[in-house]
Every structure is written in structure tokens, then in C-alpha cells.
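Just input_37.cif here, mmCIF, C-alpha atoms:
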```
data_upload
#
loop_
_atom_site.label_atom_id
_atom_site.label_comp_id
_atom_site.auth_asym_id
_atom_site.auth_seq_id
_atom_site.Cartn_x
_atom_site.Cartn_y
_atom_site.Cartn_z
CA MET A 625 96.47 -11.18 7.12
CA THR A 626 98.06 -7.93 8.21
CA ASP A 627 101.78 -8.11 8.89
CA PRO A 628 102.40 -11.34 6.97
CA LEU A 629 105.57 -13.32 7.64
CA SER A 630 108.21 -13.20 4.91
CA GLY A 631 111.41 -15.07 4.24
CA GLU A 632 113.29 -11.78 4.04
CA GLN A 633 112.40 -11.00 7.64
CA ILE A 634 113.63 -14.38 8.80
CA LEU A 635 116.85 -14.17 6.81
CA ALA A 636 117.53 -10.73 8.26
CA GLY A 637 117.07 -12.17 11.74
CA LEU A 638 119.41 -15.06 11.05
CA ALA A 639 122.05 -12.72 9.72
CA GLN A 640 121.68 -10.45 12.73
CA ALA A 641 122.12 -13.51 14.96
CA GLU A 642 125.40 -14.23 13.15
CA ILE A 643 124.29 -17.56 11.76
CA GLU A 644 127.12 -18.62 9.45
CA PHE A 645 126.11 -22.12 8.33
CA VAL A 646 122.68 -23.31 7.23
CA VAL A 647 122.39 -27.10 7.21
CA ALA A 648 119.31 -28.15 5.30
CA LEU A 649 117.02 -30.52 3.52
CA PRO A 650 114.34 -29.03 1.28
CA ASP A 651 110.85 -28.55 2.68
CA ILE A 652 108.00 -27.30 0.55
CA VAL A 653 106.95 -24.83 3.25
CA THR A 654 110.31 -23.05 3.44
CA CYS A 655 112.02 -23.84 0.14
CA ASP A 656 111.00 -20.78 -1.89
CA GLU A 657 111.11 -18.23 0.93
CA LEU A 658 114.24 -19.48 2.71
CA LEU A 659 116.26 -22.29 1.15
CA TRP A 660 116.57 -20.93 -2.39
CA PRO A 661 117.46 -17.42 -1.15
CA ILE A 662 120.00 -18.97 1.23
CA GLU A 663 121.47 -20.95 -1.63
CA ARG A 664 121.93 -17.71 -3.57
CA SER A 665 123.09 -15.68 -0.58
CA GLN A 666 126.65 -14.66 0.19
CA SER A 667 125.76 -14.30 3.88
CA PHE A 668 125.38 -17.99 4.67
CA ARG A 669 127.22 -21.19 3.80
CA LEU A 670 124.74 -23.90 2.84
CA VAL A 671 125.41 -27.53 3.77
CA ASN A 672 123.00 -29.86 1.98
CA VAL A 673 122.55 -33.08 3.92
CA CYS A 674 121.01 -36.39 2.93
CA LYS A 675 119.15 -36.89 6.20
CA GLU A 676 118.16 -34.56 8.99
CA ASP A 677 119.93 -36.34 11.86
CA GLU A 678 123.20 -35.71 10.05
CA GLY A 679 122.34 -32.05 10.35
CA VAL A 680 121.79 -32.26 14.10
CA SER A 681 125.28 -33.72 14.48
CA ILE A 682 126.92 -31.27 12.08
CA CYS A 683 125.42 -28.33 13.99
CA ALA A 684 126.55 -29.90 17.28
CA GLY A 685 130.10 -30.30 16.02
CA MET A 686 130.17 -26.71 14.82
CA SER A 687 129.00 -25.45 18.19
CA TYR A 688 132.24 -26.64 19.81
CA ALA A 689 134.13 -24.31 17.49
CA GLU A 690 131.83 -21.38 18.39
CA LYS A 691 130.33 -21.38 14.92
CA ARG A 692 126.62 -20.63 14.71
CA ALA A 693 124.46 -22.83 12.51
CA LEU A 694 120.80 -23.37 11.68
CA LEU A 695 119.22 -26.70 10.76
CA LEU A 696 116.39 -26.07 8.29
CA MET A 697 114.02 -28.98 7.72
CA GLN A 698 110.45 -30.26 7.54
CA HIS A 699 108.61 -31.54 10.60
CA THR A 700 108.96 -35.08 9.24
CA GLY A 701 112.74 -34.69 9.43
CA PHE A 702 112.43 -33.47 12.99
CA LEU A 703 110.40 -36.55 13.88
CA ASP A 704 112.98 -38.75 12.16
CA SER A 705 115.83 -37.15 14.15
CA ILE A 706 114.44 -37.39 17.64
CA ASN A 707 117.23 -39.59 19.02
CA ALA A 708 120.01 -37.32 17.79
CA ILE A 709 118.14 -34.28 19.12
CA ARG A 710 117.54 -36.08 22.41
CA VAL A 711 121.26 -36.64 22.94
CA MET A 712 122.61 -33.32 21.66
CA GLY A 713 119.76 -31.17 22.91
CA MET A 714 118.42 -32.77 26.06
CA ASP A 715 121.39 -34.76 27.37
CA TYR A 716 124.27 -32.50 26.30
CA GLN A 717 122.38 -29.17 26.15
CA LEU A 718 124.14 -28.04 23.00
CA PRO A 719 122.87 -25.01 21.10
CA VAL A 720 121.36 -26.85 18.14
CA VAL A 721 119.03 -24.33 16.49
CA MET A 722 116.31 -25.75 14.24
CA MET A 723 113.78 -24.13 11.91
CA ILE A 724 110.97 -26.49 11.01
CA GLY A 725 108.35 -26.16 8.29
CA LEU A 726 104.97 -27.61 9.26
CA GLN A 727 104.05 -29.17 5.95
CA GLY A 728 100.36 -29.92 5.59
CA ILE A 729 99.07 -27.71 8.38
CA GLU A 730 95.64 -26.26 7.68
CA LYS A 731 95.21 -22.51 7.07
CA ASP A 732 94.74 -20.41 10.25
CA CYS A 733 95.17 -23.52 12.39
CA ALA A 734 97.28 -23.82 15.51
CA PRO A 735 99.78 -26.69 15.17
CA THR A 736 98.26 -28.53 18.12
CA ASP A 737 94.82 -28.36 16.47
CA SER A 738 95.95 -29.77 13.12
CA LYS A 739 94.28 -32.85 11.75
CA GLN A 740 97.70 -33.91 10.47
CA ASN A 741 99.14 -36.28 13.05
CA GLY A 742 102.72 -35.37 12.20
CA VAL A 743 102.07 -31.66 12.70
CA ARG A 744 99.88 -32.00 15.79
CA ILE A 745 102.47 -33.94 17.79
CA VAL A 746 105.42 -31.60 17.21
CA GLU A 747 104.73 -29.15 20.03
CA PRO A 748 103.88 -31.87 22.60
CA ILE A 749 107.17 -33.61 21.73
CA LEU A 750 109.11 -30.37 22.13
CA ASP A 751 107.38 -29.83 25.48
CA ALA A 752 108.26 -33.36 26.57
CA MET A 753 111.88 -32.73 25.60
CA SER A 754 111.89 -29.32 27.34
CA ILE A 755 113.11 -27.68 24.14
CA PRO A 756 112.07 -24.02 23.87
CA TYR A 757 110.28 -23.08 20.66
CA HIS A 758 108.64 -20.17 18.89
CA VAL A 759 105.87 -20.35 16.29
CA LEU A 760 106.53 -17.78 13.57
CA ILE A 761 103.21 -16.61 12.14
CA ARG A 762 103.38 -12.86 11.62
CA GLY A 763 106.13 -10.60 10.46
CA ARG A 764 106.67 -9.23 13.93
CA ASP A 765 107.40 -12.75 15.19
CA ALA A 766 110.62 -12.72 13.18
CA ALA A 767 111.90 -9.76 15.19
CA GLY A 768 112.58 -12.08 18.12
CA ILE A 769 114.84 -14.44 16.18
CA PRO A 770 118.20 -12.78 16.95
CA GLU A 771 117.59 -12.54 20.68
CA ALA A 772 116.37 -16.14 20.90
CA ILE A 773 119.40 -17.45 19.04
CA ASP A 774 121.79 -15.33 21.10
CA GLU A 775 120.22 -16.72 24.25
CA ALA A 776 120.44 -20.32 23.00
CA TYR A 777 124.17 -19.98 22.31
CA THR A 778 124.90 -17.99 25.45
CA ALA A 779 123.04 -20.36 27.77
CA SER A 780 123.82 -23.43 25.61
CA HIS A 781 120.51 -25.10 24.90
CA PRO A 782 118.58 -26.23 21.82
CA LEU A 783 116.02 -23.98 20.16
CA VAL A 784 113.24 -24.48 17.62
CA PHE A 785 111.34 -22.14 15.33
CA LEU A 786 108.14 -23.55 13.81
CA ILE A 787 106.87 -22.14 10.52
CA PRO A 788 103.29 -22.93 9.42
CA GLY A 789 103.67 -20.92 6.20
CA PHE A 790 104.33 -17.52 4.70
CA GLY A 791 102.18 -14.58 3.70
CA ASP A 792 98.55 -15.41 3.05
CA ASP A 793 99.31 -19.14 3.12
CA ALA A 794 99.95 -19.10 6.87
CA MET B 992 143.97 -61.70 6.92
CA THR B 993 142.89 -59.12 9.44
CA MET B 994 144.64 -56.77 11.83
CA LYS B 995 144.15 -56.45 15.55
CA ARG B 996 142.24 -53.21 16.00
CA ASP B 997 144.39 -51.95 18.85
CA GLN B 998 147.55 -52.53 16.81
CA ALA B 999 146.17 -50.55 13.90
CA LEU B 1000 145.08 -47.73 16.21
CA ARG B 1001 148.50 -47.67 17.89
CA VAL B 1002 150.06 -47.15 14.47
CA LEU B 1003 147.63 -44.32 13.79
CA SER B 1004 148.43 -42.70 17.14
CA GLN B 1005 152.14 -42.71 16.31
CA HIS B 1006 151.54 -40.80 13.09
CA TYR B 1007 148.72 -38.62 14.40
CA PRO B 1008 149.64 -37.88 18.01
CA ASP B 1009 147.71 -34.76 18.89
CA GLY B 1010 145.01 -33.81 16.37
CA ILE B 1011 141.21 -33.93 16.61
CA VAL B 1012 139.82 -37.49 16.63
CA VAL B 1013 136.14 -38.47 16.61
CA PRO B 1014 136.06 -42.12 17.68
CA VAL B 1015 132.89 -44.20 18.08
CA TYR B 1016 131.88 -47.23 20.11
CA GLN B 1017 134.57 -49.89 20.59
CA SER B 1018 137.08 -47.85 18.60
CA ALA B 1019 136.45 -45.04 21.07
CA PHE B 1020 137.11 -47.27 24.04
CA ASP B 1021 140.33 -48.55 22.47
CA TRP B 1022 141.41 -45.06 21.41
CA MET B 1023 140.82 -43.58 24.86
CA GLY B 1024 143.30 -46.12 26.21
CA ILE B 1025 145.80 -45.80 23.39
CA ARG B 1026 145.76 -42.01 22.98
CA PRO B 1027 144.10 -40.20 25.86
CA HIS B 1028 143.87 -36.56 24.79
CA PRO B 1029 141.49 -33.63 25.29
CA LEU B 1030 141.04 -33.36 21.51
CA ASN B 1031 139.30 -36.74 21.48
CA TYR B 1032 135.69 -35.85 20.64
CA LEU B 1033 133.88 -38.60 22.52
CA CYS B 1034 130.40 -37.12 22.60
CA THR B 1035 128.81 -38.33 19.37
CA GLY B 1036 125.78 -39.64 21.22
CA ALA B 1037 123.52 -41.36 18.71
CA MET B 1038 124.94 -44.36 16.83
CA GLY B 1039 126.06 -43.66 13.28
CA GLN B 1040 126.61 -39.96 13.78
CA GLY B 1041 130.39 -39.81 14.28
CA SER B 1042 131.27 -38.77 10.76
CA SER B 1043 128.58 -36.08 10.78
CA HIS B 1044 130.01 -34.57 13.96
CA ALA B 1045 133.42 -34.73 12.32
CA LEU B 1046 132.11 -32.95 9.23
CA GLY B 1047 130.76 -30.16 11.43
CA LEU B 1048 134.16 -29.81 13.07
CA ALA B 1049 136.00 -29.96 9.76
CA LEU B 1050 133.84 -27.25 8.19
CA ALA B 1051 134.02 -25.04 11.27
CA CYS B 1052 137.79 -25.48 11.65
CA PRO B 1053 139.13 -25.76 8.09
CA THR B 1054 142.77 -25.48 9.17
CA GLU B 1055 142.54 -28.29 11.74
CA PRO B 1056 142.88 -31.92 10.65
CA VAL B 1057 139.95 -34.07 11.76
CA VAL B 1058 140.11 -37.88 11.93
CA VAL B 1059 137.02 -40.07 12.35
CA LEU B 1060 137.33 -43.58 13.78
CA ASP B 1061 134.04 -45.02 12.56
CA GLY B 1062 132.70 -48.55 12.79
CA ASP B 1063 131.08 -50.59 10.04
CA GLY B 1064 127.81 -50.96 11.94
CA SER B 1065 127.84 -47.24 12.68
CA LEU B 1066 128.56 -46.18 9.12
CA LEU B 1067 125.89 -48.51 7.77
CA MET B 1068 123.42 -46.61 9.95
CA ASN B 1069 124.27 -43.30 8.25
CA LEU B 1070 125.45 -44.10 4.73
CA GLY B 1071 124.16 -40.78 3.41
CA THR B 1072 127.02 -39.16 5.30
CA LEU B 1073 129.39 -40.37 2.59
CA VAL B 1074 127.51 -38.33 0.00
CA THR B 1075 127.22 -35.30 2.27
CA ILE B 1076 130.95 -35.40 3.00
CA GLY B 1077 131.78 -35.99 -0.65
CA ASP B 1078 129.62 -33.04 -1.62
CA GLN B 1079 131.20 -30.69 0.93
CA SER B 1080 134.65 -32.14 0.21
CA PRO B 1081 136.55 -30.91 3.27
CA ARG B 1082 140.29 -31.25 2.66
CA ASN B 1083 140.91 -31.72 6.39
CA LEU B 1084 138.80 -34.85 7.00
CA TRP B 1085 140.13 -38.41 7.13
CA HIS B 1086 137.51 -41.11 7.64
CA PHE B 1087 138.78 -44.40 9.08
CA VAL B 1088 136.33 -47.30 9.37
CA CYS B 1089 137.13 -50.20 11.67
CA GLN B 1090 135.43 -53.02 9.84
CA ASN B 1091 134.98 -56.05 12.08
CA GLY B 1092 131.74 -57.31 10.53
CA MET B 1093 129.76 -57.13 13.74
CA TYR B 1094 128.01 -54.93 16.27
CA GLU B 1095 130.74 -55.60 18.81
CA VAL B 1096 129.33 -53.72 21.79
CA ASN B 1097 125.79 -54.91 21.04
CA GLY B 1098 126.19 -58.65 21.38
CA GLU B 1099 128.68 -59.26 18.53
CA PHE B 1100 125.82 -59.87 16.10
CA PRO B 1101 126.93 -59.67 12.44
CA VAL B 1102 126.27 -56.54 10.38
CA PRO B 1103 124.30 -56.94 7.16
CA GLY B 1104 126.57 -57.37 4.18
CA LYS B 1105 129.55 -58.24 6.34
CA SER B 1106 131.24 -60.26 3.60
CA THR B 1107 130.26 -58.08 0.65
CA VAL B 1108 130.17 -54.42 1.65
CA ASP B 1109 132.96 -52.29 0.17
CA PHE B 1110 133.20 -48.96 1.99
CA ALA B 1111 136.13 -47.75 -0.11
CA ALA B 1112 134.13 -48.22 -3.30
CA MET B 1113 131.13 -46.51 -1.74
CA ALA B 1114 133.27 -43.56 -0.66
CA MET B 1115 134.74 -43.09 -4.12
CA ALA B 1116 131.29 -43.26 -5.67
CA ALA B 1117 130.16 -40.64 -3.16
CA GLY B 1118 132.86 -38.15 -4.09
CA TYR B 1119 135.74 -38.81 -1.67
CA LYS B 1120 139.12 -37.90 -3.13
CA ALA B 1121 140.69 -41.27 -2.31
CA ALA B 1122 139.89 -44.49 -0.49
CA HIS B 1123 141.85 -47.53 0.64
CA THR B 1124 141.24 -50.89 2.28
CA PHE B 1125 143.82 -52.59 4.48
CA SER B 1126 143.86 -55.99 6.15
CA ASP B 1127 147.60 -56.18 6.80
CA LEU B 1128 149.23 -54.14 9.55
CA ASN B 1129 152.55 -53.66 7.76
CA GLU B 1130 150.89 -52.45 4.59
CA PHE B 1131 148.77 -50.03 6.62
CA SER B 1132 151.81 -48.80 8.54
CA CYS B 1133 153.72 -48.13 5.35
CA ALA B 1134 150.86 -46.32 3.65
CA LEU B 1135 149.66 -44.21 6.57
CA PRO B 1136 152.11 -41.26 6.31
CA SER B 1137 151.15 -40.76 2.69
CA ILE B 1138 147.46 -41.09 3.50
CA LEU B 1139 147.64 -38.43 6.21
CA ALA B 1140 149.56 -36.15 3.83
CA THR B 1141 146.87 -36.44 1.16
CA PRO B 1142 144.08 -33.82 1.24
CA GLY B 1143 140.69 -35.27 2.05
CA PRO B 1144 138.06 -36.28 2.21
CA LEU B 1145 139.65 -39.68 2.30
CA LEU B 1146 138.33 -43.02 3.58
CA VAL B 1147 140.39 -45.90 4.95
CA ALA B 1148 138.63 -49.19 5.65
CA LEU B 1149 140.53 -51.24 8.21
CA GLN B 1150 139.60 -54.91 8.25
CA VAL B 1151 140.15 -55.71 11.90
CA GLU B 1152 139.34 -58.03 14.73
CA ALA B 1153 139.25 -57.26 18.42
CA GLY B 1154 142.68 -56.98 19.99
CA ALA B 1155 143.69 -56.13 23.53
CA PRO B 1156 140.61 -55.44 25.65
CA PHE B 1157 139.98 -51.89 26.82
CA PRO B 1158 137.38 -50.93 29.41
CA ARG B 1159 134.06 -49.67 28.07
CA ASN B 1160 134.01 -46.39 29.91
CA TYR B 1161 130.59 -45.02 28.97
CA GLN B 1162 130.69 -42.58 31.87
CA GLU B 1163 133.67 -40.73 30.39
CA ILE B 1164 132.20 -40.74 26.89
CA HIS B 1165 129.04 -39.03 28.09
CA SER B 1166 130.61 -36.81 30.72
CA ALA B 1167 130.24 -33.05 30.75
CA GLN B 1168 133.90 -32.89 31.70
CA SER B 1169 134.96 -34.57 28.45
CA ARG B 1170 132.89 -32.14 26.43
CA ALA B 1171 134.24 -29.14 28.31
CA ALA B 1172 137.80 -30.41 27.95
CA PHE B 1173 137.39 -30.84 24.21
CA LYS B 1174 135.93 -27.37 23.78
CA ALA B 1175 138.71 -25.79 25.82
CA ALA B 1176 141.40 -27.74 23.97
CA LEU B 1177 139.92 -26.77 20.61
CA ALA B 1178 139.80 -23.10 21.61
CA GLY B 1179 143.40 -23.34 22.75
CA ARG B 1180 144.45 -24.96 19.50
CA ARG B 1181 142.75 -22.22 17.53
CA GLY B 1182 144.28 -19.48 19.70
CA ARG B 1183 141.08 -18.27 21.30
#
```
Step by step, read the file and then write its structure as C-alpha cells.
Amino acid sequence: MTDPLSGEQILAGLAQAEIEFVVALPDIVTCDELLWPIERSQSFRLVNVCKEDEGVSICAGMSYAEKRALLLMQHTGFLDSINAIRVMGMDYQLPVVMMIGLQGIEKDCAPTDSKQNGVRIVEPILDAMSIPYHVLIRGRDAAGIPEAIDEAYTASHPLVFLIPGFGDDA
Amino acid sequence: MTMKRDQALRVLSQHYPDGIVVPVYQSAFDWMGIRPHPLNYLCTGAMGQGSSHALGLALACPTEPVVVLDGDGSLLMNLGTLVTIGDQSPRNLWHFVCQNGMYEVNGEFPVPGKSTVDFAAMAMAAGYKAAHTFSDLNEFSCALPSILATPGPLLVALQVEAGAPFPRNYQEIHSAQSRAAFKAALAGRRGR
């Protein structure tokens, strides 16, 4: 693939968007490219959580103090957190920003075409919840991260970035 | 021996009159009547999430004290929060658990482990700095000033039963006005 997506591009976008806290559970899709570098970074404060819905609530609480946060998780954690996301995102329209690794998605496959049930239903659920999302596939996709996060915090609404993979694995 | 919940919360309000409080379910309804205040964070939404919201506030506002008024049924739904809070170890977080042994606003059905669960022991095992259990109002009243002067995270299990009835005002808990009032009050407190 030309212009492959890299973790460095995403981290640069998060820093430009003034993300201060990263609330996370490990996901095999994003762990090497994002979570480990974040753990070593001086630019972000990492909050390891035991379960993803905790992270939704932590990010929501931070938003009241005008602190920007990212919830980094696997799509299974997203599915497990639907009720918390429903309240904070849909009902209260808080700027909970989520980055979701699509573990198990097939190479060069659109998420909605995946044979993995858990992956295939993510976008339809986001559509049903009216949560805006971006699928990050190529390096140039990462360039839109700062503007999308700025808009989510300015307009106060949830936001999701979906990551099928990095480099030639995407 | 158990305390009346409203009596215990009245004692807390006397010693903690104007800081951030994250109350949940019946404790929230009682607290709204006992200490109405814009820094009451009523919008926890999903059951079990109160302490996680409080952790977000505590990390984002490290100089502001944050009190959680959790319930036993709520905390049982999110026990991992004890480990997350213990790991982050915010010095400005005090976690009170009103332990009545039942899902009071959901039909008063008993919680699992109602006669065996020990939240104070769980909190200590999870990394809290201190934890206490009280079933006597006078003992709680005497200990509270010291508890609130001790850096957190700290858990206080209050073995309570329902006291004076307070209206279950769900409309206020979920209102946009409450959320806006909290945000404005927090900004004012932080000088923004």
C-alpha cells in the first residue's frame, strides 16, 4: 500500500488536537503502534482502566473540566460499553472521543464487509447512535484527526476513529 | 446496628459543605435534598459509573476535592473501578459507599453478597490509601473530619438503611440545566 498509516501520524494528530489524557485497554491492533508509544511518551498521561465503560465515564468527567481525552480500545470493548456511550454520547452529547481497533478484520476489507460479526456491526451501531466516525486506513487519513477532535469538543458531541490496522497489515 | 442514610449524609454535608460530589441513585436523591448545590455532579447516567466519573474529575482537577456517594449495588456493577482508582491513586478522591444491601430504587431486591461483601477490604486490596466501615452515626461523625483531612484515595463504607424519604427527581438528574450548572460552577471554582 502506498501511504501506509502509522502510529506516529496518529500520535502527532492527537498531540496537535491537545489530547492530554489517554484512557486505555490494550488492543492487539493498536498496542504496538499507539499504546506502548503513549506509555513511553511525555506528551500524554495514560490512564489504564480495567473495563472500557469506566473509560467512557472518565473521559466524560474530564470533559466538564475542559480537559481533552481519548479512549483507546478494541471493538469488543466498544460493544461492551454501549450503554455508557449511549448516555454520555447520545443523551448528553458529551465530547467522548474514542479510537477503536478492529481486531480480526480481514486484509483490504471494509468493516461492513467483514466476516467477523463483531467488526461488521460496529459501523451500523455508530450510525444508529448518530455518532460521527472516521475509518483511518491511509496515512493521509490521520491528517484529519486534529480538526475532527476540535470540532467534537467545540460542538460537544462524541467521535469515533476506527483503525483496521497499520502499514501493510491494513 | 445501622445508620439512617439521610442522617449520615447530613453529617457529611456539615463537614463538606461546598465541594464536588458525585452521588448516585437513592443517595443522589437524598443528597439533592440535603445539600442542593451546583457542584453536585448528577449526570452519571449508566449504573455503576459514578466512581469512574469522579476519577475523571479528580484527575482533571487535582486541586479540587471530589467525593463520590456510591451505592453497594452500583459499586458491585463496576468493581474494577477500585483497581483503576487504586492504580491512579488520586489524593483528592474520597469514595463513600452507602451499603443498604439492596437495589433500593429497583424494587428493593437484595444485592448478591449482601451479608458478606467487605468493600473496605476490597479497596485496601486494590490500592486505596485507607478504608473504613461505619454502622454507628456517632462513630462516623467523630471520624469524618480526620477522614476528609486524609489524602485519598480513601473508601468509607456506610452501613445504612433508608431514612427520611426524598423525591426521586429523575428529571433534574438528567437535565441539561444540571449539567450546564455543574460545568459553570466548576469553571468558576477553578477561576476560568
Selected by the PyMOL selection byres ((chain A) within 9 of (chain B)) in the shown coordinates: which residues, as a VMD selection string? chain A and resid 645 671 to 675 677 to 691 707 to 712 715 to 716
- Item | Shell of 8 Å around Pro719 of chain A, all atoms listed in the file, local chain residues under 6 positions omitted, as number ranges by chain | A: 684, 687, 713, 776-777, 780-783
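Picked out by the PyMOL selection byres ((chain B and resi 1126) around 8) when it runs on this file: Met992, Thr993, Met994, Thr1124, Phe1125, Asp1127, Leu1128, Phe1131, Leu1149, Gln1150 and Val1151 of chain B.
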For the residues in that selection, give me C-alpha atoms as a tab-separated table (two decimals), in the frame of the given file.
```
chain	number	residue	atom	x	y	z
B	992	MET	CA	143.97	-61.70	6.92
B	993	THR	CA	142.89	-59.12	9.44
B	994	MET	CA	144.64	-56.77	11.83
B	1124	THR	CA	141.24	-50.89	2.28
B	1125	PHE	CA	143.82	-52.59	4.48
B	1127	ASP	CA	147.60	-56.18	6.80
B	1128	LEU	CA	149.23	-54.14	9.55
B	1131	PHE	CA	148.77	-50.03	6.62
B	1149	LEU	CA	140.53	-51.24	8.21
B	1150	GLN	CA	139.60	-54.91	8.25
B	1151	VAL	CA	140.15	-55.71	11.90
```
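With all atoms listed in the file as the atoms that count, the residue of A:Leu786, A:Val720, A:Ala772, A:Ala779 with the shortest distance to Glu747 of chain A is A:Leu786.
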Just give me the gap between atom CA of Ser665 of chain A and atom CA of Leu1084 of chain B in Å, one decimal is fine.
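Distance reported for this atom pair: 25.9 Å.
Remark: for Ala1122 of chain B, the closest of the candidate residues B:Ala1153, B:Val1108, B:Val1088, B:Pro1136 is B:Val1088 (distances computed over all atoms listed in the file).
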Practice item. For Leu670 of chain A, list every protein, DNA or RNA residue within 8 Å, evaluated using all atoms listed in the file, and leave out those in the same chain fewer than 4 positions away; present the list as a list in words. Key: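 The contact residues come out as Phe645, Val646, Val647, Ala648, Ile662 and Glu663 of chain A.
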inquiry  = Using Å and a single decimal, report how far atom CA of His699 of chain A sits from atom CA of Thr654 of chain A.
reply    =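 Atom-to-atom, atom CA of Thr654 of chain A to atom CA of His699 of chain A, that is 11.2 Å.
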message = Please report the interatomic distance between atom CA of Ile706 of chain A and atom CA of Leu1066 of chain B in Å with one decimal.
response =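 Distance reported for this atom pair: 18.7 Å.
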- Message: Using all atoms listed in the file for the distances, tell me which of A:Met753, A:Leu638, A:Ser630, A:Arg744 is nearest to Gly768 of chain A.
- Response: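 Nearest candidate to Gly768 of chain A out of A:Met753, A:Leu638, A:Ser630, A:Arg744: A:Leu638.
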**Message:** Which residues would end up in the selection if the PyMOL selection byres ((chain B and resi 1097-1107) around 10) were applied here, given that I need the answer as a VMD selection string?
**Reply:** chain B and resid 1016 1063 to 1065 1067 1090 to 1096 1108 to 1110
- Task: Excluding Arg764 of chain A and residues on its chain fewer than 5 positions from it, collect all residues at most 12 Å away from it, counting all atoms listed in the file, and give them as an MDAnalysis selection string.
- Result: chainID A and resid 626:630 633:634 637 759 769
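Minimum atom-to-atom distances from B:Arg1159, B:Arg1180, B:His1028, B:Arg1001 to Val1015 of chain B were compared using only C-alpha atoms, and the lowest value belongs to B:Arg1159.
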Incomplete segment 1106-1123 of chain B filled out to N, CA and C atoms as a PDB file, in the coordinates of the input:
```pdb
ATOM      1  N   SER B1106     130.229 -59.683   4.482  1.00  0.00           N
ATOM      2  CA  SER B1106     131.240 -60.260   3.600  1.00  0.00           C
ATOM      3  C   SER B1106     131.224 -59.627   2.201  1.00  0.00           C
ATOM      4  N   THR B1107     130.355 -58.666   1.993  1.00  0.00           N
ATOM      5  CA  THR B1107     130.260 -58.080   0.650  1.00  0.00           C
ATOM      6  C   THR B1107     130.447 -56.566   0.614  1.00  0.00           C
ATOM      7  N   VAL B1108     130.158 -55.885   1.708  1.00  0.00           N
ATOM      8  CA  VAL B1108     130.170 -54.420   1.650  1.00  0.00           C
ATOM      9  C   VAL B1108     131.582 -53.900   1.387  1.00  0.00           C
ATOM     10  N   ASP B1109     131.682 -52.874   0.550  1.00  0.00           N
ATOM     11  CA  ASP B1109     132.960 -52.290   0.170  1.00  0.00           C
ATOM     12  C   ASP B1109     132.891 -50.785   0.426  1.00  0.00           C
ATOM     13  N   PHE B1110     133.316 -50.376   1.613  1.00  0.00           N
ATOM     14  CA  PHE B1110     133.200 -48.960   1.990  1.00  0.00           C
ATOM     15  C   PHE B1110     134.087 -48.069   1.126  1.00  0.00           C
ATOM     16  N   ALA B1111     135.237 -48.572   0.726  1.00  0.00           N
ATOM     17  CA  ALA B1111     136.130 -47.750  -0.110  1.00  0.00           C
ATOM     18  C   ALA B1111     135.458 -47.441  -1.451  1.00  0.00           C
ATOM     19  N   ALA B1112     134.834 -48.458  -2.032  1.00  0.00           N
ATOM     20  CA  ALA B1112     134.130 -48.220  -3.300  1.00  0.00           C
ATOM     21  C   ALA B1112     132.974 -47.260  -3.111  1.00  0.00           C
ATOM     22  N   MET B1113     132.244 -47.421  -2.011  1.00  0.00           N
ATOM     23  CA  MET B1113     131.130 -46.510  -1.740  1.00  0.00           C
ATOM     24  C   MET B1113     131.638 -45.073  -1.602  1.00  0.00           C
ATOM     25  N   ALA B1114     132.743 -44.908  -0.887  1.00  0.00           N
ATOM     26  CA  ALA B1114     133.270 -43.560  -0.660  1.00  0.00           C
ATOM     27  C   ALA B1114     133.677 -42.916  -1.987  1.00  0.00           C
ATOM     28  N   MET B1115     134.337 -43.656  -2.831  1.00  0.00           N
ATOM     29  CA  MET B1115     134.740 -43.090  -4.120  1.00  0.00           C
ATOM     30  C   MET B1115     133.523 -42.715  -4.960  1.00  0.00           C
ATOM     31  N   ALA B1116     132.514 -43.576  -4.917  1.00  0.00           N
ATOM     32  CA  ALA B1116     131.290 -43.260  -5.670  1.00  0.00           C
ATOM     33  C   ALA B1116     130.573 -42.051  -5.107  1.00  0.00           C
ATOM     34  N   ALA B1117     130.821 -41.768  -3.816  1.00  0.00           N
ATOM     35  CA  ALA B1117     130.160 -40.640  -3.160  1.00  0.00           C
ATOM     36  C   ALA B1117     130.935 -39.332  -3.298  1.00  0.00           C
ATOM     37  N   GLY B1118     132.125 -39.391  -3.862  1.00  0.00           N
ATOM     38  CA  GLY B1118     132.860 -38.150  -4.090  1.00  0.00           C
ATOM     39  C   GLY B1118     134.076 -37.936  -3.222  1.00  0.00           C
ATOM     40  N   TYR B1119     134.490 -38.944  -2.425  1.00  0.00           N
ATOM     41  CA  TYR B1119     135.740 -38.810  -1.670  1.00  0.00           C
ATOM     42  C   TYR B1119     136.897 -38.716  -2.668  1.00  0.00           C
ATOM     43  N   LYS B1120     137.970 -38.087  -2.237  1.00  0.00           N
ATOM     44  CA  LYS B1120     139.120 -37.900  -3.130  1.00  0.00           C
ATOM     45  C   LYS B1120     139.934 -39.176  -3.282  1.00  0.00           C
ATOM     46  N   ALA B1121     139.955 -40.004  -2.243  1.00  0.00           N
ATOM     47  CA  ALA B1121     140.690 -41.270  -2.310  1.00  0.00           C
ATOM     48  C   ALA B1121     140.124 -42.206  -1.273  1.00  0.00           C
ATOM     49  N   ALA B1122     140.374 -43.498  -1.452  1.00  0.00           N
ATOM     50  CA  ALA B1122     139.890 -44.490  -0.490  1.00  0.00           C
ATOM     51  C   ALA B1122     140.777 -45.729  -0.578  1.00  0.00           C
ATOM     52  N   HIS B1123     140.975 -46.358   0.560  1.00  0.00           N
ATOM     53  CA  HIS B1123     141.850 -47.530   0.640  1.00  0.00           C
ATOM     54  C   HIS B1123     141.210 -48.560   1.561  1.00  0.00           C
TER      55      HIS B1123
END
```
